[in-house]
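With TSV, C-alpha atoms inside, this is start25.tsv:
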chain	number	residue	atom	x	y	z
A	8	MET	CA	-27.27	71.61	199.74
A	9	THR	CA	-30.64	70.66	201.16
A	10	LYS	CA	-32.71	69.69	198.14
A	11	ASN	CA	-30.38	69.13	195.18
A	12	GLU	CA	-31.50	72.30	193.47
A	13	VAL	CA	-29.59	74.65	191.24
A	14	VAL	CA	-30.53	78.31	191.61
A	15	ILE	CA	-30.57	80.15	188.29
A	16	ILE	CA	-30.56	83.93	188.52
A	17	PRO	CA	-30.82	86.13	185.43
A	18	CYS	CA	-29.91	89.80	185.48
A	19	SER	CA	-33.24	90.74	183.82
A	20	GLY	CA	-31.60	93.87	182.44
A	21	ILE	CA	-34.36	96.37	181.72
A	22	GLY	CA	-32.57	98.54	179.18
A	23	LYS	CA	-31.77	96.01	176.46
A	24	SER	CA	-33.36	92.98	174.84
A	25	LEU	CA	-30.42	90.83	175.97
A	26	GLY	CA	-31.59	91.12	179.57
A	27	THR	CA	-34.92	89.70	178.50
A	28	VAL	CA	-33.15	86.91	176.60
A	29	GLY	CA	-31.43	85.87	179.85
A	30	ARG	CA	-34.68	86.09	181.78
A	31	VAL	CA	-36.64	84.03	179.22
A	32	ALA	CA	-33.83	81.44	179.03
A	33	THR	CA	-34.05	81.06	182.80
A	34	TYR	CA	-37.81	80.49	182.70
A	35	LYS	CA	-37.38	77.93	179.93
A	36	VAL	CA	-35.10	75.92	182.22
A	37	ILE	CA	-37.01	76.25	185.49
A	38	ASP	CA	-40.48	75.82	183.95
A	39	HIS	CA	-39.87	73.38	181.09
A	40	LEU	CA	-36.41	71.79	180.78
A	41	ARG	CA	-35.42	71.05	184.40
A	42	PRO	CA	-38.36	72.01	186.63
A	43	GLN	CA	-37.51	69.42	189.30
A	44	ASP	CA	-33.88	70.42	189.61
A	45	THR	CA	-33.91	74.19	189.41
A	46	ARG	CA	-35.45	77.33	190.79
A	47	THR	CA	-34.89	81.03	190.53
A	48	ALA	CA	-34.77	83.84	193.06
A	49	CYS	CA	-35.26	87.57	192.77
A	50	LEU	CA	-31.90	89.17	192.03
A	51	ALA	CA	-33.16	92.40	193.59
A	52	LEU	CA	-33.39	90.61	196.94
A	53	LEU	CA	-29.66	89.92	196.73
A	54	THR	CA	-29.00	93.53	195.80
A	55	VAL	CA	-30.73	94.76	198.96
A	56	GLY	CA	-29.05	92.12	201.15
A	57	ASP	CA	-32.04	89.93	201.98
A	58	THR	CA	-30.74	87.30	204.41
A	59	GLN	CA	-32.97	84.40	203.25
A	60	THR	CA	-31.96	84.85	199.63
A	61	ALA	CA	-28.30	85.19	200.59
A	62	GLN	CA	-28.62	81.93	202.51
A	63	LEU	CA	-30.21	80.27	199.46
A	64	VAL	CA	-27.28	81.17	197.19
A	65	LYS	CA	-24.74	80.16	199.83
A	66	GLU	CA	-26.29	76.70	200.26
A	67	ASN	CA	-27.02	75.84	196.63
A	68	PRO	CA	-25.00	75.89	193.43
A	69	CYS	CA	-25.90	78.96	191.39
A	70	ILE	CA	-25.91	79.80	187.71
A	71	ALA	CA	-25.69	83.50	186.82
A	72	VAL	CA	-27.27	84.51	183.51
A	73	ASP	CA	-26.11	87.98	182.51
A	74	GLY	CA	-27.28	89.98	179.53
A	75	CYS	CA	-24.22	92.19	179.17
A	76	PRO	CA	-20.62	92.51	180.35
A	77	ALA	CA	-21.71	94.50	183.43
A	78	GLN	CA	-22.35	91.01	184.86
A	79	CYS	CA	-24.83	92.16	187.48
A	80	SER	CA	-26.09	88.72	188.36
A	81	MET	CA	-22.64	87.24	188.88
A	82	LYS	CA	-21.44	90.22	190.90
A	83	ASN	CA	-24.52	90.23	193.12
A	84	ILE	CA	-24.18	86.47	193.77
A	85	GLU	CA	-20.50	86.90	194.60
A	86	ALA	CA	-21.23	89.85	196.87
A	87	SER	CA	-23.58	87.55	198.80
A	88	GLU	CA	-20.82	84.88	198.98
A	89	GLY	CA	-22.97	82.55	196.89
A	90	LYS	CA	-21.76	79.31	195.32
A	91	LEU	CA	-21.31	80.33	191.70
A	92	ALA	CA	-21.13	77.11	189.65
A	93	TYR	CA	-21.55	78.52	186.16
A	94	HIS	CA	-21.84	81.86	184.46
A	95	VAL	CA	-23.23	82.72	181.03
A	96	ILE	CA	-23.16	86.12	179.33
A	97	VAL	CA	-25.74	86.52	176.56
A	98	THR	CA	-23.49	88.79	174.48
A	99	ASN	CA	-20.87	86.02	174.31
A	100	VAL	CA	-23.41	83.48	173.10
A	101	LEU	CA	-24.74	86.00	170.58
A	102	ARG	CA	-21.24	86.27	169.05
A	103	GLU	CA	-21.48	82.57	168.20
A	104	HIS	CA	-24.88	83.12	166.56
A	105	ARG	CA	-24.38	86.39	164.72
A	106	LYS	CA	-27.29	85.84	162.38
A	107	LEU	CA	-29.73	86.17	165.26
A	108	LYS	CA	-30.95	89.71	165.93
A	109	PRO	CA	-32.80	89.75	169.25
A	110	GLN	CA	-35.22	92.61	169.72
A	111	GLY	CA	-37.84	93.63	172.25
A	112	VAL	CA	-37.84	93.95	176.03
A	113	ILE	CA	-41.54	93.59	176.81
A	114	GLU	CA	-41.72	90.67	174.39
A	115	LEU	CA	-38.86	89.09	172.48
A	116	ASN	CA	-38.99	88.68	168.73
A	117	PRO	CA	-38.70	85.07	167.41
A	118	GLU	CA	-34.92	85.42	166.98
A	119	GLY	CA	-34.56	86.56	170.57
A	120	ASP	CA	-36.62	83.58	171.67
A	121	GLN	CA	-34.41	81.30	169.56
A	122	LEU	CA	-31.31	82.68	171.30
A	123	ALA	CA	-32.99	82.14	174.68
A	124	GLU	CA	-33.72	78.52	173.68
A	125	ILE	CA	-30.04	77.93	172.78
A	126	ILE	CA	-28.92	79.37	176.11
A	127	ALA	CA	-31.56	77.41	178.02
A	128	LYS	CA	-30.45	74.10	176.52
A	129	ASN	CA	-26.85	74.89	177.41
A	130	ILE	CA	-27.84	75.78	180.98
A	131	ALA	CA	-29.86	72.56	181.30
A	132	LYS	CA	-26.74	70.53	180.41
A	133	LYS	CA	-24.76	72.45	183.02
A	134	VAL	CA	-27.46	71.75	185.61
A	135	ASP	CA	-27.12	68.02	184.91
A	136	ALA	CA	-23.34	68.20	185.22
A	137	ILE	CA	-23.51	70.22	188.45
A	138	LEU	CA	-25.96	67.81	190.07
A	139	THR	CA	-24.02	64.72	188.90
A	140	GLU	CA	-20.89	66.18	190.44
A	141	ALA	CA	-22.75	67.03	193.67
A	142	LYS	CA	-24.01	63.43	193.99
A	143	ARG	CA	-20.46	62.13	193.65
A	144	LYS	CA	-19.29	64.17	196.62
B	16	MET	CA	-24.74	117.14	191.61
B	17	THR	CA	-28.09	118.63	190.60
B	18	LEU	CA	-31.40	117.07	189.72
B	19	ALA	CA	-32.23	116.83	186.01
B	20	LYS	CA	-35.56	118.62	185.84
B	21	ASP	CA	-36.85	117.23	182.57
B	22	LYS	CA	-36.58	113.47	183.07
B	23	VAL	CA	-37.83	111.05	185.68
B	24	GLY	CA	-35.91	107.86	186.47
B	25	ILE	CA	-37.94	104.70	186.86
B	26	ILE	CA	-36.39	101.79	188.73
B	27	CYS	CA	-38.30	98.51	188.83
B	28	CYS	CA	-37.54	95.38	190.80
B	29	SER	CA	-38.05	92.98	187.84
B	30	GLY	CA	-38.56	90.28	190.52
B	31	GLU	CA	-37.86	86.97	188.78
B	32	ASP	CA	-39.65	84.80	191.30
B	33	LEU	CA	-43.09	86.43	191.20
B	34	PRO	CA	-45.60	87.33	188.45
B	35	GLU	CA	-45.82	90.77	190.04
B	36	GLY	CA	-42.10	91.23	189.33
B	37	THR	CA	-42.72	90.64	185.64
B	38	ILE	CA	-45.62	93.10	185.77
B	39	SER	CA	-43.34	95.73	187.37
B	40	ARG	CA	-40.92	95.23	184.50
B	41	VAL	CA	-43.49	95.33	181.71
B	42	ALA	CA	-45.26	98.34	183.23
B	43	THR	CA	-41.95	100.20	183.39
B	44	ARG	CA	-41.21	99.46	179.74
B	45	LEU	CA	-44.74	100.52	178.74
B	46	VAL	CA	-44.05	103.92	180.30
B	47	LEU	CA	-40.61	104.19	178.70
B	48	GLU	CA	-41.73	103.03	175.25
B	49	LYS	CA	-45.33	104.19	174.93
B	50	LEU	CA	-46.75	106.45	177.66
B	51	ARG	CA	-43.94	108.89	178.49
B	52	PRO	CA	-40.99	108.11	176.21
B	53	ASP	CA	-39.67	111.67	176.24
B	54	ASP	CA	-39.90	112.11	179.99
B	55	THR	CA	-38.43	108.95	181.45
B	56	VAL	CA	-35.20	106.97	181.76
B	57	THR	CA	-34.34	103.75	183.58
B	58	LEU	CA	-31.44	101.83	185.10
B	59	CYS	CA	-31.07	98.16	186.02
B	60	LEU	CA	-31.53	97.86	189.80
B	61	PRO	CA	-28.68	95.32	190.33
B	62	LEU	CA	-26.29	97.78	188.67
B	63	PHE	CA	-26.40	99.82	191.88
B	64	LEU	CA	-24.30	97.06	193.47
B	65	ALA	CA	-22.48	95.82	190.37
B	66	GLY	CA	-21.74	99.18	188.80
B	67	GLY	CA	-19.77	102.22	189.82
B	68	GLU	CA	-20.30	105.76	191.05
B	69	ASP	CA	-21.95	106.81	187.78
B	70	GLU	CA	-24.76	104.31	188.34
B	71	ARG	CA	-25.05	105.17	192.02
B	72	ALA	CA	-25.50	108.84	191.13
B	73	PHE	CA	-28.71	108.00	189.24
B	74	ALA	CA	-31.22	109.07	191.91
B	75	ARG	CA	-29.19	112.17	192.63
B	76	VAL	CA	-29.39	113.18	188.96
B	77	PHE	CA	-32.99	112.15	188.30
B	78	PRO	CA	-36.07	112.31	190.53
B	79	THR	CA	-36.93	108.61	190.80
B	80	ILE	CA	-39.99	106.39	190.96
B	81	ALA	CA	-39.50	102.88	192.39
B	82	VAL	CA	-41.79	100.20	190.94
B	83	ASP	CA	-41.96	97.13	193.17
B	84	GLY	CA	-43.73	93.86	192.63
B	85	CYS	CA	-44.35	93.06	196.28
B	86	ASP	CA	-44.22	94.59	199.74
B	87	LYS	CA	-40.55	93.69	200.17
B	88	LYS	CA	-39.97	96.88	198.14
B	89	CYS	CA	-36.53	95.96	196.79
B	90	ALA	CA	-36.54	98.77	194.23
B	91	GLU	CA	-37.33	101.41	196.85
B	92	ILE	CA	-34.86	99.98	199.39
B	93	GLY	CA	-32.10	99.39	196.84
B	94	THR	CA	-32.43	102.85	195.31
B	95	SER	CA	-32.42	104.49	198.75
B	96	LYS	CA	-29.47	102.39	199.94
B	97	TYR	CA	-27.16	102.97	196.99
B	98	SER	CA	-28.32	106.11	195.25
B	99	GLY	CA	-30.99	108.33	196.78
B	100	LYS	CA	-34.53	108.17	198.15
B	101	PRO	CA	-37.16	107.76	195.43
B	102	VAL	CA	-39.74	110.51	195.14
B	103	ALA	CA	-42.51	107.90	194.89
B	104	THR	CA	-43.02	104.16	195.11
B	105	ILE	CA	-45.63	102.08	193.33
B	106	VAL	CA	-46.23	98.52	194.52
B	107	VAL	CA	-47.89	96.22	191.98
B	108	SER	CA	-49.57	94.02	194.62
B	109	GLU	CA	-51.11	97.17	196.14
B	110	VAL	CA	-52.39	98.43	192.77
B	111	MET	CA	-53.90	95.00	192.13
B	112	LYS	CA	-56.02	95.30	195.28
B	113	ASN	CA	-58.06	97.88	193.36
B	114	TYR	CA	-58.90	95.19	190.81
B	115	PRO	CA	-59.77	92.14	192.93
B	116	ARG	CA	-61.07	90.12	189.99
B	117	MET	CA	-57.71	90.26	188.25
B	118	GLN	CA	-55.15	87.55	188.93
B	119	ALA	CA	-51.45	87.42	188.09
B	120	ARG	CA	-50.08	83.94	187.52
B	121	SER	CA	-47.51	84.04	184.71
B	122	HIS	CA	-43.93	85.10	185.13
B	123	GLU	CA	-42.56	84.36	181.65
B	124	LYS	CA	-45.11	85.78	179.23
B	125	LEU	CA	-48.05	87.81	180.46
B	126	ASN	CA	-51.53	86.86	179.25
B	127	ALA	CA	-54.12	89.45	178.17
B	128	GLU	CA	-55.45	90.03	181.69
B	129	GLU	CA	-51.97	90.39	183.12
B	130	MET	CA	-51.06	92.84	180.35
B	131	GLU	CA	-54.14	94.81	181.40
B	132	ILE	CA	-52.81	94.93	184.96
B	133	ALA	CA	-49.41	96.03	183.64
B	134	MET	CA	-51.06	98.85	181.69
B	135	LYS	CA	-52.96	100.00	184.81
B	136	VAL	CA	-49.69	100.05	186.76
B	137	ALA	CA	-48.04	101.90	183.86
B	138	GLU	CA	-50.81	104.51	183.95
B	139	GLU	CA	-50.18	105.00	187.70
B	140	ILE	CA	-46.48	105.48	186.98
B	141	ALA	CA	-47.25	107.96	184.19
B	142	LYS	CA	-49.44	110.00	186.56
B	143	LYS	CA	-46.57	110.17	189.05
B	144	VAL	CA	-44.22	111.24	186.26
B	145	ASP	CA	-46.59	114.08	185.38
B	146	ASP	CA	-46.90	115.08	189.04
B	147	ILE	CA	-43.14	115.20	189.39
B	148	LEU	CA	-42.70	117.19	186.20
B	149	CYS	CA	-45.67	119.40	187.18
B	150	LYS	CA	-47.59	118.57	184.04
B	151	THR	CA	-51.34	118.88	184.24
B	152	THR	CA	-52.07	117.67	180.76
B	153	LYS	CA	-50.13	115.44	178.43
B	154	LYS	CA	-49.69	116.12	174.76

Once more with this new file: its structure as structure tokens, please.
Amino acid sequence: MTKNEVVIIPCSGIGKSLGTVGRVATYKVIDHLRPQDTRTACLALLTVGDTQTAQLVKENPCIAVDGCPAQCSMKNIEASEGKLAYHVIVTNVLREHRKLKPQGVIELNPEGDQLAEIIAKNIAKKVDAILTEAKRK
Amino acid sequence: MTLAKDKVGIICCSGEDLPEGTISRVATRLVLEKLRPDDTVTLCLPLFLAGGEDERAFARVFPTIAVDGCDKKCAEIGTSKYSGKPVATIVVSEVMKNYPRMQARSHEKLNAEEMEIAMKVAEEIAKKVDDILCKTTKK
């Protein structure tokens, strides 16, 4: 690992609001909660086999944020032989917060944003744990 | 497998790392939800790798438009590689050259100007949809 960064890659699923929840959660972490420790990369670049992006996920711990059980982000990271350190599926988190009803793909409703915030805070904790562990090694 | 004549598939890159990726995504949804809801369908681009044969058949079932944020053209390349060559490709950064005063900076939530760009891209996509479906006027 060259710069002690965790790469967070959401699936950005276009068909359902849960893809947007994962995408917004990712931006909350990389822009607000842990901007110094994290970055994202375009998942589509992994899908098409871009060598620079494949190198990035091989050299840095990655967190996959998937909207649904198709697990596109995780599978694309694994297909690139990336270092998957943590994986979150939005539908699983939603089961623990059944009162929330996320809606909207272009823009999330407030409940969708609330779910994204919950996921983002959880990811931020994982980022801390991953980097603490990396420093120990 | 035969082409479905009455629907056009739209595949966007949704590039997470660039504002233009968010614009590609929002423009695609604007077409699906507002401009041509009866004429269009979509599929998540990474599903081509993560999914199965059903997903990979997408561009063989539907004539497809790739909507890319930048000139790396992941949506066009990915669709061609796994499914079938898109009928057309729209690149957000190329469309933006027609509006040099407009700037894209946000990737999380688009501001009013960026939404305007997304709508212009969506209108370009809708025109391509009409061309593909041989529609000269839209109800």

Next item on the list: Using all atoms listed in the file, find which residues of chain A lie within 8 Å of chain B and jot them down as a PyMOL selection string.
Entry: chain A and resi 16-22+30-31+34+47-52+54-55+77-80+82-83+112-114

Would you mind listing what lies within 6 Å of Thr79 in chain B as a PDB file with C-alpha atoms, keeping the file's coordinate frame, with all atoms listed in the file counted and same-chain residues fewer than 6 positions away left out?
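After the write, out_37.pdb holds the following:
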ATOM      1  CA  VAL B  23     -37.830 111.050 185.680  1.00  0.00           C
ATOM      2  CA  GLY B  24     -35.910 107.860 186.470  1.00  0.00           C
ATOM      3  CA  ILE B  25     -37.940 104.700 186.860  1.00  0.00           C
ATOM      4  CA  PRO B 101     -37.160 107.760 195.430  1.00  0.00           C
ATOM      5  CA  VAL B 102     -39.740 110.510 195.140  1.00  0.00           C
TER       6      VAL B 102
END

Checklist line | Counting all atoms listed in the file, the option among B:Leu50, B:Val107, B:Val144, B:Met134 closest to Gly84 in chain B | finding: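 Of the candidates, the smallest distance to Gly84 in chain B is held by B:Val107.
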
Checklist line | Test item: residues at most 12 Å from Met111 in chain B, all atoms listed in the file, excluding those fewer than 2 positions along its chain, as a ChimeraX atom specification | finding: /B:34-35,38-39,84-85,105-109,113-119,128-129,131-136,139

Margin query: If we draw a sphere of 8 Å around (-32.6, 83.2, 167.7), which residues have at least one atom in it when counting all atoms listed in the file? Please report them as a list in words.
Written below: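 Returned residue set, sorted by chain then number, is His104, Lys106, Leu107, Lys108, Pro109, Pro117, Glu118, Gly119, Asp120, Gln121, Leu122, Ala123, Glu124 and Ile125 of chain A.
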
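Ranking B:Pro78, B:Glu68, B:Lys112, B:Ser98 by their shortest atom-to-atom distance to Lys22 in chain B, with only C-alpha atoms included, puts B:Pro78 first.
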
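Distance annotation: of A:Val13, A:Val28, A:Ile70, A:Ile96, the residue with the minimal separation from Asp44 in chain A is A:Val13; atom set is all atoms listed in the file.
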
Notebook entry, point to check: Distance CA of Asp38 in chain A-CA of Met130 in chain B, one decimal place?
Noted result: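 These atoms are spaced 20.4 Å apart.
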
Check: So, counting only C-alpha atoms, which residue among A:Ala32, A:Val100, A:Ile37, A:Val14 is closest to Ile137 in chain A?
Finding: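 For Ile137 in chain A, the nearest of the candidates is A:Val14.
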
Margin query: Give me the residues near Gln43 in chain A as a VMD selection string, where near means some atom within 12 Å (using only C-alpha atoms) and where sequence neighbours in that chain fewer than 2 positions away do not count.
Written below: chain A and resid 10 to 14 36 to 41 45 to 47 131 134 to 135 138

Where atoms are missing, can you supply N, CA, C and O atoms for range 76-99 of chain A and output the lot as a CSV table (one decimal), in the coordinates of the input?
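Listed below is the output, out26.csv:
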chain,number,residue,atom,x,y,z
A,76,PRO,N,-21.9,92.6,179.6
A,76,PRO,CA,-20.6,92.5,180.4
A,76,PRO,C,-20.6,93.2,181.7
A,76,PRO,O,-19.6,93.1,182.5
A,77,ALA,N,-21.6,93.9,182.1
A,77,ALA,CA,-21.7,94.5,183.4
A,77,ALA,C,-21.8,93.4,184.5
A,77,ALA,O,-21.5,93.6,185.6
A,78,GLN,N,-22.3,92.2,184.1
A,78,GLN,CA,-22.4,91.0,184.9
A,78,GLN,C,-23.0,91.2,186.2
A,78,GLN,O,-22.5,90.8,187.3
A,79,CYS,N,-24.2,91.8,186.2
A,79,CYS,CA,-24.8,92.2,187.5
A,79,CYS,C,-25.2,90.9,188.3
A,79,CYS,O,-25.1,90.9,189.5
A,80,SER,N,-25.7,89.9,187.6
A,80,SER,CA,-26.1,88.7,188.4
A,80,SER,C,-24.9,88.1,189.0
A,80,SER,O,-24.9,87.8,190.2
A,81,MET,N,-23.8,87.9,188.3
A,81,MET,CA,-22.6,87.2,188.9
A,81,MET,C,-22.1,88.1,190.0
A,81,MET,O,-21.8,87.5,191.1
A,82,LYS,N,-22.0,89.4,189.8
A,82,LYS,CA,-21.4,90.2,190.9
A,82,LYS,C,-22.3,90.3,192.2
A,82,LYS,O,-21.8,90.3,193.3
A,83,ASN,N,-23.6,90.2,192.0
A,83,ASN,CA,-24.5,90.2,193.1
A,83,ASN,C,-24.5,88.9,193.9
A,83,ASN,O,-24.5,88.9,195.1
A,84,ILE,N,-24.3,87.8,193.1
A,84,ILE,CA,-24.2,86.5,193.8
A,84,ILE,C,-22.9,86.4,194.5
A,84,ILE,O,-22.8,86.0,195.7
A,85,GLU,N,-21.8,86.9,193.9
A,85,GLU,CA,-20.5,86.9,194.6
A,85,GLU,C,-20.5,87.8,195.8
A,85,GLU,O,-19.9,87.5,196.9
A,86,ALA,N,-21.2,88.9,195.7
A,86,ALA,CA,-21.2,89.8,196.9
A,86,ALA,C,-22.0,89.2,198.0
A,86,ALA,O,-21.7,89.6,199.2
A,87,SER,N,-22.9,88.3,197.7
A,87,SER,CA,-23.6,87.6,198.8
A,87,SER,C,-22.9,86.3,199.2
A,87,SER,O,-23.4,85.5,199.9
A,88,GLU,N,-21.6,86.1,198.7
A,88,GLU,CA,-20.8,84.9,199.0
A,88,GLU,C,-21.5,83.6,198.5
A,88,GLU,O,-21.5,82.6,199.2
A,89,GLY,N,-22.3,83.7,197.4
A,89,GLY,CA,-23.0,82.6,196.9
A,89,GLY,C,-22.0,81.6,196.2
A,89,GLY,O,-20.9,81.9,195.9
A,90,LYS,N,-22.6,80.4,196.0
A,90,LYS,CA,-21.8,79.3,195.3
A,90,LYS,C,-22.0,79.4,193.8
A,90,LYS,O,-22.9,78.8,193.3
A,91,LEU,N,-21.2,80.2,193.1
A,91,LEU,CA,-21.3,80.3,191.7
A,91,LEU,C,-20.7,79.1,191.0
A,91,LEU,O,-19.5,78.9,191.0
A,92,ALA,N,-21.6,78.3,190.3
A,92,ALA,CA,-21.1,77.1,189.6
A,92,ALA,C,-20.9,77.3,188.1
A,92,ALA,O,-20.2,76.6,187.5
A,93,TYR,N,-21.6,78.3,187.6
A,93,TYR,CA,-21.6,78.5,186.2
A,93,TYR,C,-22.1,79.9,185.9
A,93,TYR,O,-22.9,80.4,186.6
A,94,HIS,N,-21.5,80.5,184.8
A,94,HIS,CA,-21.8,81.9,184.5
A,94,HIS,C,-22.0,82.0,183.0
A,94,HIS,O,-21.1,81.6,182.2
A,95,VAL,N,-23.1,82.5,182.5
A,95,VAL,CA,-23.2,82.7,181.0
A,95,VAL,C,-23.5,84.2,180.8
A,95,VAL,O,-24.3,84.8,181.5
A,96,ILE,N,-22.9,84.7,179.7
A,96,ILE,CA,-23.2,86.1,179.3
A,96,ILE,C,-23.8,86.1,177.9
A,96,ILE,O,-23.2,85.5,177.0
A,97,VAL,N,-25.0,86.6,177.8
A,97,VAL,CA,-25.7,86.5,176.6
A,97,VAL,C,-25.0,87.1,175.4
A,97,VAL,O,-25.0,86.5,174.3
A,98,THR,N,-24.2,88.2,175.6
A,98,THR,CA,-23.5,88.8,174.5
A,98,THR,C,-22.4,87.8,173.9
A,98,THR,O,-22.2,87.8,172.7
A,99,ASN,N,-21.9,87.0,174.8
A,99,ASN,CA,-20.9,86.0,174.3
A,99,ASN,C,-21.5,84.9,173.5
A,99,ASN,O,-21.0,84.5,172.4
